[in-house]
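Listing of my_file-v4.txt, compact mmCIF, C-alpha atoms
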# COMPACT_ATOMS: atom_id res chain seq x y z
CA MET J 182 147.07 93.39 182.49
CA GLY J 183 146.51 96.51 184.58
CA LYS J 184 149.09 98.39 182.53
CA GLN J 185 147.43 97.34 179.28
CA LEU J 186 144.04 98.56 180.50
CA PHE J 187 145.58 101.89 181.40
CA TYR J 188 147.47 102.22 178.09
CA ILE J 189 144.32 101.60 176.03
CA LEU J 190 142.23 104.01 178.11
CA PHE J 191 144.93 106.69 178.20
CA LEU J 192 145.61 106.46 174.46
CA SER J 193 141.88 106.58 173.69
CA ILE J 194 141.45 109.74 175.77
CA ILE J 195 144.51 111.44 174.24
CA LEU J 196 143.57 110.48 170.67
CA SER J 197 139.89 111.37 171.02
CA LEU J 198 140.51 114.77 172.57
CA GLY J 199 143.46 115.49 170.27
CA VAL J 200 141.68 114.53 167.06
CA ASN J 201 138.58 116.45 168.16
CA GLN J 202 140.67 119.65 168.16
CA PHE J 203 141.21 119.36 164.40
CA HIS J 204 138.08 117.40 163.44
CA PRO J 205 135.81 119.04 160.84
CA ASN J 206 132.81 117.78 162.86
CA ALA J 207 134.30 118.58 166.28
CA ILE J 208 131.95 118.70 169.28
CA PRO J 209 132.41 120.43 172.66
CA VAL J 210 133.79 118.06 175.30
CA VAL J 211 130.92 118.94 177.63
CA GLY J 212 127.71 119.20 175.65
CA GLU J 213 124.39 120.76 176.61
CA TRP J 214 121.95 117.87 176.55
CA ARG J 215 118.62 118.07 178.22
CA ASP J 216 117.97 115.35 180.79
CA LEU J 217 114.86 113.52 179.75
CA GLN J 218 113.47 112.31 183.02
CA THR J 219 111.97 115.50 184.44
CA GLY J 220 108.76 115.95 182.43
CA GLU J 221 108.94 119.70 183.09
CA GLY J 222 108.59 122.07 180.17
CA PRO J 223 108.58 121.14 176.52
CA ILE J 224 111.01 118.53 175.31
CA ILE J 225 113.13 120.09 172.60
CA PRO J 226 115.32 117.63 170.70
CA PRO J 227 118.93 118.48 169.92
CA SER J 228 118.04 118.26 166.22
CA ALA J 229 115.62 121.20 166.51
CA GLN J 230 116.48 124.17 164.32
CA GLU J 231 115.55 127.80 164.22
CA GLY J 232 112.34 128.20 162.26
CA ASP J 233 110.89 124.85 163.37
CA PRO J 234 107.32 124.89 164.70
CA ARG J 235 107.08 125.56 168.43
CA PHE J 236 107.57 122.66 170.84
CA VAL J 237 104.95 122.30 173.55
CA SER J 238 104.98 120.58 176.93
CA VAL J 239 102.56 117.87 177.96
CA ASP J 240 100.64 120.51 179.97
CA GLU J 241 100.09 122.61 176.87
CA ALA J 242 99.18 119.58 174.77
CA VAL J 243 96.64 118.55 177.42
CA ALA J 244 95.25 122.10 177.53
CA GLU J 245 94.84 122.16 173.75
CA PHE J 246 93.23 118.73 173.88
CA GLY J 247 90.81 120.00 176.53
CA ARG J 248 89.93 123.10 174.49
CA GLY J 249 88.98 120.78 171.66
CA LYS J 250 90.08 123.13 168.87
CA ALA J 251 93.38 121.48 167.95
CA HIS J 252 93.80 118.57 165.56
CA PHE J 253 96.25 115.96 166.84
CA ILE J 254 98.38 114.23 164.20
CA ASP J 255 100.26 111.01 164.99
CA ALA J 256 103.32 110.63 162.72
CA ARG J 257 104.12 107.00 163.61
CA PRO J 258 103.56 103.91 161.47
CA PRO J 259 99.97 102.53 161.63
CA GLU J 260 100.95 99.49 163.72
CA GLU J 261 102.23 101.76 166.52
CA PHE J 262 99.33 104.19 166.12
CA GLU J 263 96.90 101.30 166.59
CA CYS J 264 98.61 100.21 169.81
CA GLY J 265 97.72 103.44 171.57
CA THR J 266 97.47 107.09 170.70
CA ILE J 267 95.94 110.38 171.80
CA PRO J 268 92.17 110.05 171.32
CA HIS J 269 90.71 111.33 168.04
CA SER J 270 94.13 111.87 166.52
CA VAL J 271 94.72 111.28 162.81
CA ASN J 272 97.49 108.98 161.64
CA VAL J 273 99.79 110.47 158.99
CA PRO J 274 102.76 108.08 158.98
CA PHE J 275 105.86 110.03 158.07
CA ASP J 276 107.42 106.87 156.62
CA ASN J 277 104.58 106.66 154.07
CA LEU J 278 105.15 110.12 152.62
CA PRO J 279 105.46 109.69 148.84
CA GLU J 280 108.50 110.78 146.84
CA SER J 281 106.43 113.38 145.02
CA GLY J 282 103.09 115.00 145.66
CA VAL J 283 103.76 115.25 149.39
CA ASP J 284 101.50 118.30 149.68
CA LYS J 285 98.52 116.49 148.14
CA TYR J 286 99.16 113.43 150.31
CA ILE J 287 99.20 115.51 153.49
CA ASP J 288 96.18 117.57 152.45
CA SER J 289 94.08 114.52 151.66
CA SER J 290 95.24 112.67 154.80
CA LEU J 291 93.98 115.61 156.83
CA GLY J 292 90.69 115.84 154.95
CA ASN J 293 91.79 119.10 153.29
CA MET J 294 91.52 121.03 156.52
CA GLU J 295 92.29 124.76 156.63
CA LYS J 296 96.00 125.53 156.44
CA THR J 297 95.54 127.86 159.41
CA ALA J 298 93.97 125.17 161.62
CA LEU J 299 95.75 124.50 164.90
CA ILE J 300 97.62 121.21 164.56
CA VAL J 301 99.61 119.35 167.20
CA VAL J 302 102.05 116.81 165.71
CA PHE J 303 103.48 114.03 167.86
CA CYS J 304 104.94 110.51 167.72
CA SER J 305 105.96 108.00 170.38
CA GLY J 306 108.31 110.00 172.58
CA GLU J 307 111.68 111.61 172.98
CA GLU J 308 113.59 109.06 170.97
CA CYS J 309 111.27 109.51 167.99
CA ASP J 310 111.76 112.39 165.58
CA LEU J 311 109.01 111.56 163.08
CA SER J 312 106.85 114.36 164.50
CA LEU J 313 109.58 116.89 163.81
CA HIS J 314 110.11 115.66 160.24
CA LEU J 315 106.38 115.60 159.48
CA ALA J 316 105.87 119.06 160.99
CA ARG J 317 108.71 120.45 158.87
CA ASN J 318 107.07 119.02 155.75
CA MET J 319 103.69 120.44 156.72
CA GLN J 320 105.27 123.80 157.39
CA GLN J 321 106.86 123.72 153.97
CA TYR J 322 103.48 123.05 152.35
CA GLY J 323 101.74 125.98 153.94
CA TYR J 324 100.42 124.86 157.31
CA THR J 325 100.93 127.87 159.54
CA ASN J 326 99.61 126.93 162.97
CA LEU J 327 101.72 123.93 163.96
CA LEU J 328 102.87 122.74 167.35
CA ILE J 329 105.13 119.78 168.08
CA PHE J 330 104.45 117.71 171.18
CA PHE J 331 107.78 115.91 171.38
CA GLY J 332 106.92 114.05 174.58
CA GLY J 333 104.46 112.19 172.40
CA ALA J 334 102.18 109.29 173.24
CA ARG J 335 104.49 108.01 175.97
CA GLU J 336 104.51 111.25 177.95
CA TRP J 337 100.75 111.56 177.38
CA GLU J 338 100.23 108.11 178.90
CA LYS J 339 102.72 108.79 181.69
CA PHE J 340 100.59 111.74 182.78
CA GLU J 341 97.60 109.40 182.89
CA MET J 342 95.73 110.96 180.01
CA PRO J 343 93.25 108.74 178.16
CA MET J 344 94.58 106.62 175.33
CA GLU J 345 92.74 105.34 172.31
CA ARG J 346 93.73 101.74 171.54
CA ARG J 347 92.63 99.94 168.42
CA ARG J 348 94.30 96.67 169.34
CA GLU J 349 96.16 95.03 172.21
CA CYS J 350 99.94 95.18 171.96
CA ALA J 351 102.82 93.66 173.92
CA ASN J 352 104.20 96.98 175.20
CA MET I 1017 135.93 71.41 175.55
CA ARG I 1018 139.25 72.86 176.71
CA GLN I 1019 140.82 71.70 173.47
CA LEU I 1020 138.14 73.52 171.46
CA ILE I 1021 138.55 76.72 173.48
CA ASN I 1022 142.32 76.66 173.00
CA ASN I 1023 142.05 75.93 169.28
CA ASP I 1024 144.36 78.29 167.37
CA TRP I 1025 142.05 78.61 164.38
CA LEU I 1026 138.94 79.31 166.45
CA THR I 1027 140.86 81.91 168.43
CA ILE I 1028 142.22 83.72 165.38
CA MET I 1029 138.76 83.62 163.76
CA PHE I 1030 137.14 85.21 166.81
CA ARG I 1031 139.98 87.74 167.09
CA PHE I 1032 139.33 88.91 163.54
CA ALA I 1033 135.54 88.76 163.89
CA LEU I 1034 135.44 90.70 167.15
CA GLY I 1035 138.23 93.08 166.17
CA GLY I 1036 136.70 93.66 162.75
CA VAL I 1037 133.26 94.49 164.12
CA PHE I 1038 134.74 96.90 166.67
CA ILE I 1039 136.90 98.65 164.07
CA TYR I 1040 134.00 98.86 161.63
CA ALA I 1041 131.65 100.21 164.33
CA SER I 1042 134.14 102.85 165.40
CA ILE I 1043 134.69 104.43 161.98
CA TYR I 1044 131.37 106.25 161.51
CA LYS I 1045 131.34 107.29 165.16
CA ILE I 1046 134.81 108.83 164.89
CA ALA I 1047 133.81 110.51 161.61
CA ASP I 1048 130.59 111.94 163.03
CA PRO I 1049 130.77 112.29 166.83
CA SER I 1050 127.70 114.52 167.06
CA SER I 1051 125.46 111.81 165.54
CA PHE I 1052 126.86 109.28 167.98
CA ALA I 1053 126.26 111.71 170.87
CA LEU I 1054 122.66 112.04 169.69
CA SER I 1055 122.33 108.24 169.67
CA ILE I 1056 123.56 108.10 173.28
CA TRP I 1057 121.11 110.86 174.23
CA TYR I 1058 118.20 108.90 172.73
CA TYR I 1059 118.87 106.03 175.14
CA HIS I 1060 118.12 108.38 178.10
CA MET I 1061 120.67 106.57 180.24
CA ALA I 1062 123.72 108.81 180.52
CA PRO I 1063 123.76 112.19 182.32
CA GLY I 1064 123.63 115.08 179.86
CA ASN I 1065 127.06 116.49 180.70
CA VAL I 1066 129.01 113.29 180.02
CA ILE I 1067 127.33 112.38 176.71
CA ASN I 1068 129.82 114.23 174.50
CA LEU I 1069 132.79 112.86 176.40
CA MET I 1070 131.45 109.34 175.94
CA ALA I 1071 130.80 110.01 172.25
CA LEU I 1072 134.41 111.12 171.83
CA ILE I 1073 136.26 108.47 173.83
CA LEU I 1074 134.19 105.29 173.24
CA PRO I 1075 134.81 105.04 169.47
CA TRP I 1076 138.57 105.35 169.98
CA MET I 1077 138.41 102.64 172.64
CA GLU I 1078 136.58 100.47 170.11
CA LEU I 1079 139.13 101.18 167.39
CA LEU I 1080 142.18 100.57 169.59
CA CYS I 1081 140.70 97.41 171.11
CA GLY I 1082 139.79 96.11 167.64
CA LEU I 1083 143.31 96.72 166.37
CA ALA I 1084 144.85 95.24 169.51
CA LEU I 1085 142.77 92.06 169.21
CA ILE I 1086 143.74 91.50 165.59
CA ALA I 1087 147.41 92.37 166.06
CA GLY I 1088 147.74 90.57 169.38
CA ILE I 1089 149.17 93.56 171.25
CA TRP I 1090 147.88 94.56 174.71
CA TYR I 1091 145.74 91.52 174.10
CA ARG I 1092 144.34 90.74 177.57
CA GLY I 1093 143.62 94.40 178.24
CA ALA I 1094 141.80 94.70 174.92
CA ILE I 1095 139.62 91.65 175.67
CA PHE I 1096 138.80 93.09 179.07
CA TRP I 1097 137.73 96.49 177.66
CA VAL I 1098 135.80 94.82 174.83
CA THR I 1099 133.93 92.71 177.38
CA ILE I 1100 133.12 95.78 179.50
CA MET I 1101 131.87 97.66 176.42
CA LEU I 1102 129.75 94.71 175.30
CA VAL I 1103 128.18 94.45 178.76
CA ILE I 1104 127.33 98.17 178.61
CA PHE I 1105 125.89 97.86 175.08
CA ILE I 1106 123.84 94.77 176.03
CA ALA I 1107 122.50 96.51 179.15
CA ALA I 1108 121.61 99.67 177.18
CA LEU I 1109 119.89 97.75 174.38
CA THR I 1110 118.02 95.49 176.79
CA SER I 1111 116.85 98.53 178.72
CA ALA I 1112 115.77 100.32 175.52
CA VAL I 1113 113.90 97.31 174.20
CA SER I 1114 112.24 96.57 177.55
CA ARG I 1115 111.13 100.19 177.98
CA GLY I 1116 109.51 99.94 174.57
CA LEU I 1117 111.65 102.70 173.07
CA SER I 1118 110.71 102.43 169.44
CA ILE I 1119 114.03 102.88 167.76
CA ASP I 1120 112.27 102.49 164.46
CA CYS I 1121 111.68 106.09 163.68
CA GLY I 1122 114.71 107.35 161.83
CA CYS I 1123 116.21 108.29 165.17
CA PHE I 1124 119.58 106.65 165.00
CA LYS I 1125 120.42 106.86 161.35
CA GLN I 1126 118.59 108.02 158.29
CA GLY I 1127 116.14 105.29 157.42
CA GLY I 1128 115.72 104.12 160.97
CA ALA I 1129 117.23 101.29 162.87
CA GLY I 1130 113.94 99.61 163.70
CA THR I 1131 112.83 97.77 166.80
CA THR I 1132 113.75 94.58 165.00
CA ALA I 1133 117.18 96.09 164.38
CA ALA I 1134 117.47 96.77 168.13
CA TRP I 1135 116.78 93.08 168.69
CA ARG I 1136 119.28 92.17 166.00
CA SER I 1137 121.91 94.40 167.61
CA LEU I 1138 121.20 92.79 170.95
CA LEU I 1139 121.64 89.30 169.49
CA LEU I 1140 124.83 90.39 167.70
CA ASP I 1141 126.22 91.81 170.96
CA ILE I 1142 125.41 88.60 172.82
CA GLY I 1143 127.19 86.64 170.06
CA LEU I 1144 130.20 88.94 170.34
CA PHE I 1145 130.16 88.50 174.10
CA VAL I 1146 130.39 84.73 173.67
CA ALA I 1147 133.33 85.26 171.28
CA ALA I 1148 134.99 87.54 173.85
CA MET I 1149 134.57 84.85 176.52
CA GLN I 1150 136.26 82.32 174.24
CA LEU I 1151 139.19 84.70 173.71
CA TRP I 1152 139.39 85.35 177.44
CA LEU I 1153 139.57 81.63 178.24
CA SER I 1154 141.72 80.57 175.30
CA ARG I 1155 145.43 79.99 175.95
CA SER I 1156 146.31 80.21 172.28
CA THR I 1157 148.98 82.82 171.61
CA ARG I 1158 149.63 81.94 168.00
CA TRP I 1159 149.84 84.71 165.37
CA MET I 1160 150.25 87.46 167.94
CA LEU I 1161 152.76 90.30 167.70
CA SER I 1162 153.19 90.31 171.46
CA GLN I 1163 153.05 87.23 173.69
CA ASN I 1164 151.46 88.73 176.81

Target encoding structure tokens, full file:
Amino acid sequence: MGKQLFYILFLSIILSLGVNQFHPNAIPVVGEWRDLQTGEGPIIPPSAQEGDPRFVSVDEAVAEFGRGKAHFIDARPPEEFECGTIPHSVNVPFDNLPESGVDKYIDSSLGNMEKTALIVVFCSGEECDLSLHLARNMQQYGYTNLLIFFGGAREWEKFEMPMERRRECAN
Amino acid sequence: MRQLINNDWLTIMFRFALGGVFIYASIYKIADPSSFALSIWYYHMAPGNVINLMALILPWMELLCGLALIAGIWYRGAIFWVTIMLVIFIAALTSAVSRGLSIDCGCFKQGGAGTTAAWRSLLLDIGLFVAAMQLWLSRSTRWMLSQN
């Protein structure tokens, strides 16, 4: 059986590396992925693109929270928002964005606030990209002062910042 | 019990089920390795510099093992690798679910996998693991291209 294990592994390595040379969606063998455990600096997801709103660290999000000028927008579904979020944040679930009239939906969800208002968009944490998608939509519809806190509610809680909970949840 | 485990029909059914799932799962990963790499990254379990290598090699392991199971070539080796992969997948999913990673936010594929989907995947993997155990224990060698 030892030989069979080796054959399968060896063939997989040869085929994967060989095909990757000619693959239209080839990737580098050693990628540059940020380790997620440090908590230092802003978390920038691999899906971030040039022109996206700026990503901020938990320190900067906390500072903006403390200054009290920024509006915090939670992009998660209501059931997650209710389980625990950054205090006073507004829930604009990205999944609920309508097919058309997105601009009006966002404007009314935010109480028609100024397009130049400072807004920090977040969701649950590093594995969640709803904040990025919502921020891109908001950017497209004229909001100019956007920040993305990609560490989200989980990093906020990890750094022992207060949470606003509307109901008790399992996690 | 032994008779059931050695049953030719049960064995061939599990070979096709397990092999089919592994082949099916490998196709999109081979076609789009960067999306699969992103999925691995979201689990926060693998070191950053080995993520791409895993995203390249794992799908080919899945494909070859799936083919080997169905064809009955390198059969014991394929069951072994399939079992190892299933243990890794079950551990990763259990860890993700227990850490409360909400995989329901369009993170893994467009439209979102969903926390419930994470549970479903976990249950599917456990089911596949049971099938792999049956294949491991079964002495049936019927309908195999190679008898070892």

Specify as a ChimeraX atom specification all residues of chain I found within 6 Å of chain J, counting only C-alpha atoms.
/I:1058,1064-1065,1068-1069,1072-1073,1076-1077,1090,1093,1121,1123

Distance query Pro1075 in chain I at most 8 Å, only C-alpha atoms, self and fewer than 3 positions along chain excluded, as a ChimeraX atom specification
/I:1041-1043,1045-1046,1071-1072,1078-1079

Practice item. Point out the residue among J:Ile267, J:Ala229, J:Pro234, J:Gly247 with the least atom-to-atom distance to Thr325 in chain J, counting only C-alpha atoms. Key: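 Answer, going by the shortest atom-to-atom distance: J:Pro234.
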
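Between CA of Ala1053 in chain I and CA of Val1066 in chain I lies a distance of 9.7 Å.
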
Selection: 9 Å around Arg1031 in chain I, all atoms listed in the file, excl. self and same-chain fewer than 5 positions, as a VMD selection string | chain I and resid 1026 1036 1082 1085 to 1088 1147 to 1148 1151

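As for CA of His269 in chain J and CA of Arg248 in chain J, they are spaced 13.4 Å apart.
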
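CA of Ala1108 in chain I is positioned 14.3 Å from CA of Phe1052 in chain I.
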
Name the residues in contact with range 1099-1106 of chain I at a cut-off of 10 Å, using all atoms listed in the file, excluding same-chain residues fewer than 2 positions from it; report them as a ChimeraX atom specification.
/I:1074,1077-1078,1093-1097,1108-1112,1137-1149,1152

Exercise. What would the list of residues within 12 Å of (97.3, 116.4, 153.4) (file frame) look like as a ChimeraX atom specification, if all atoms listed in the file are what count?
Worked result: /J:254,271-275,278-279,282-296,315-316,318-320,322-324

Could you put an axis-aligned box around every listed atom of range 318-332 of chain J, padded by 5 Å on each side, and send me its centre and edge lengths in Å to one decimal, as AutoDock Vina command-line options?
--center_x 103.7 --center_y 121.0 --center_z 163.5 --size_x 18.2 --size_y 23.8 --size_z 32.2

Report task. Identify, on the basis of all atoms listed in the file, every residue whose closest approach to Gly249 in chain J does not exceed 12 Å; exclude the query and any residue fewer than 5 positions from it along the same chain; express the result as a list in words. Result -> Ala242, Val243, Ala244, Pro268, His269, Ser270, Leu299, Ile300 and Val301 of chain J

Residues near Pro343 in chain J, anyone? I mean within 10 Å using only C-alpha atoms, not counting same-chain ones fewer than 3 positions away, as JSON, numbers by chain. {"J": [265, 266, 267, 268, 337, 338, 340, 346]}
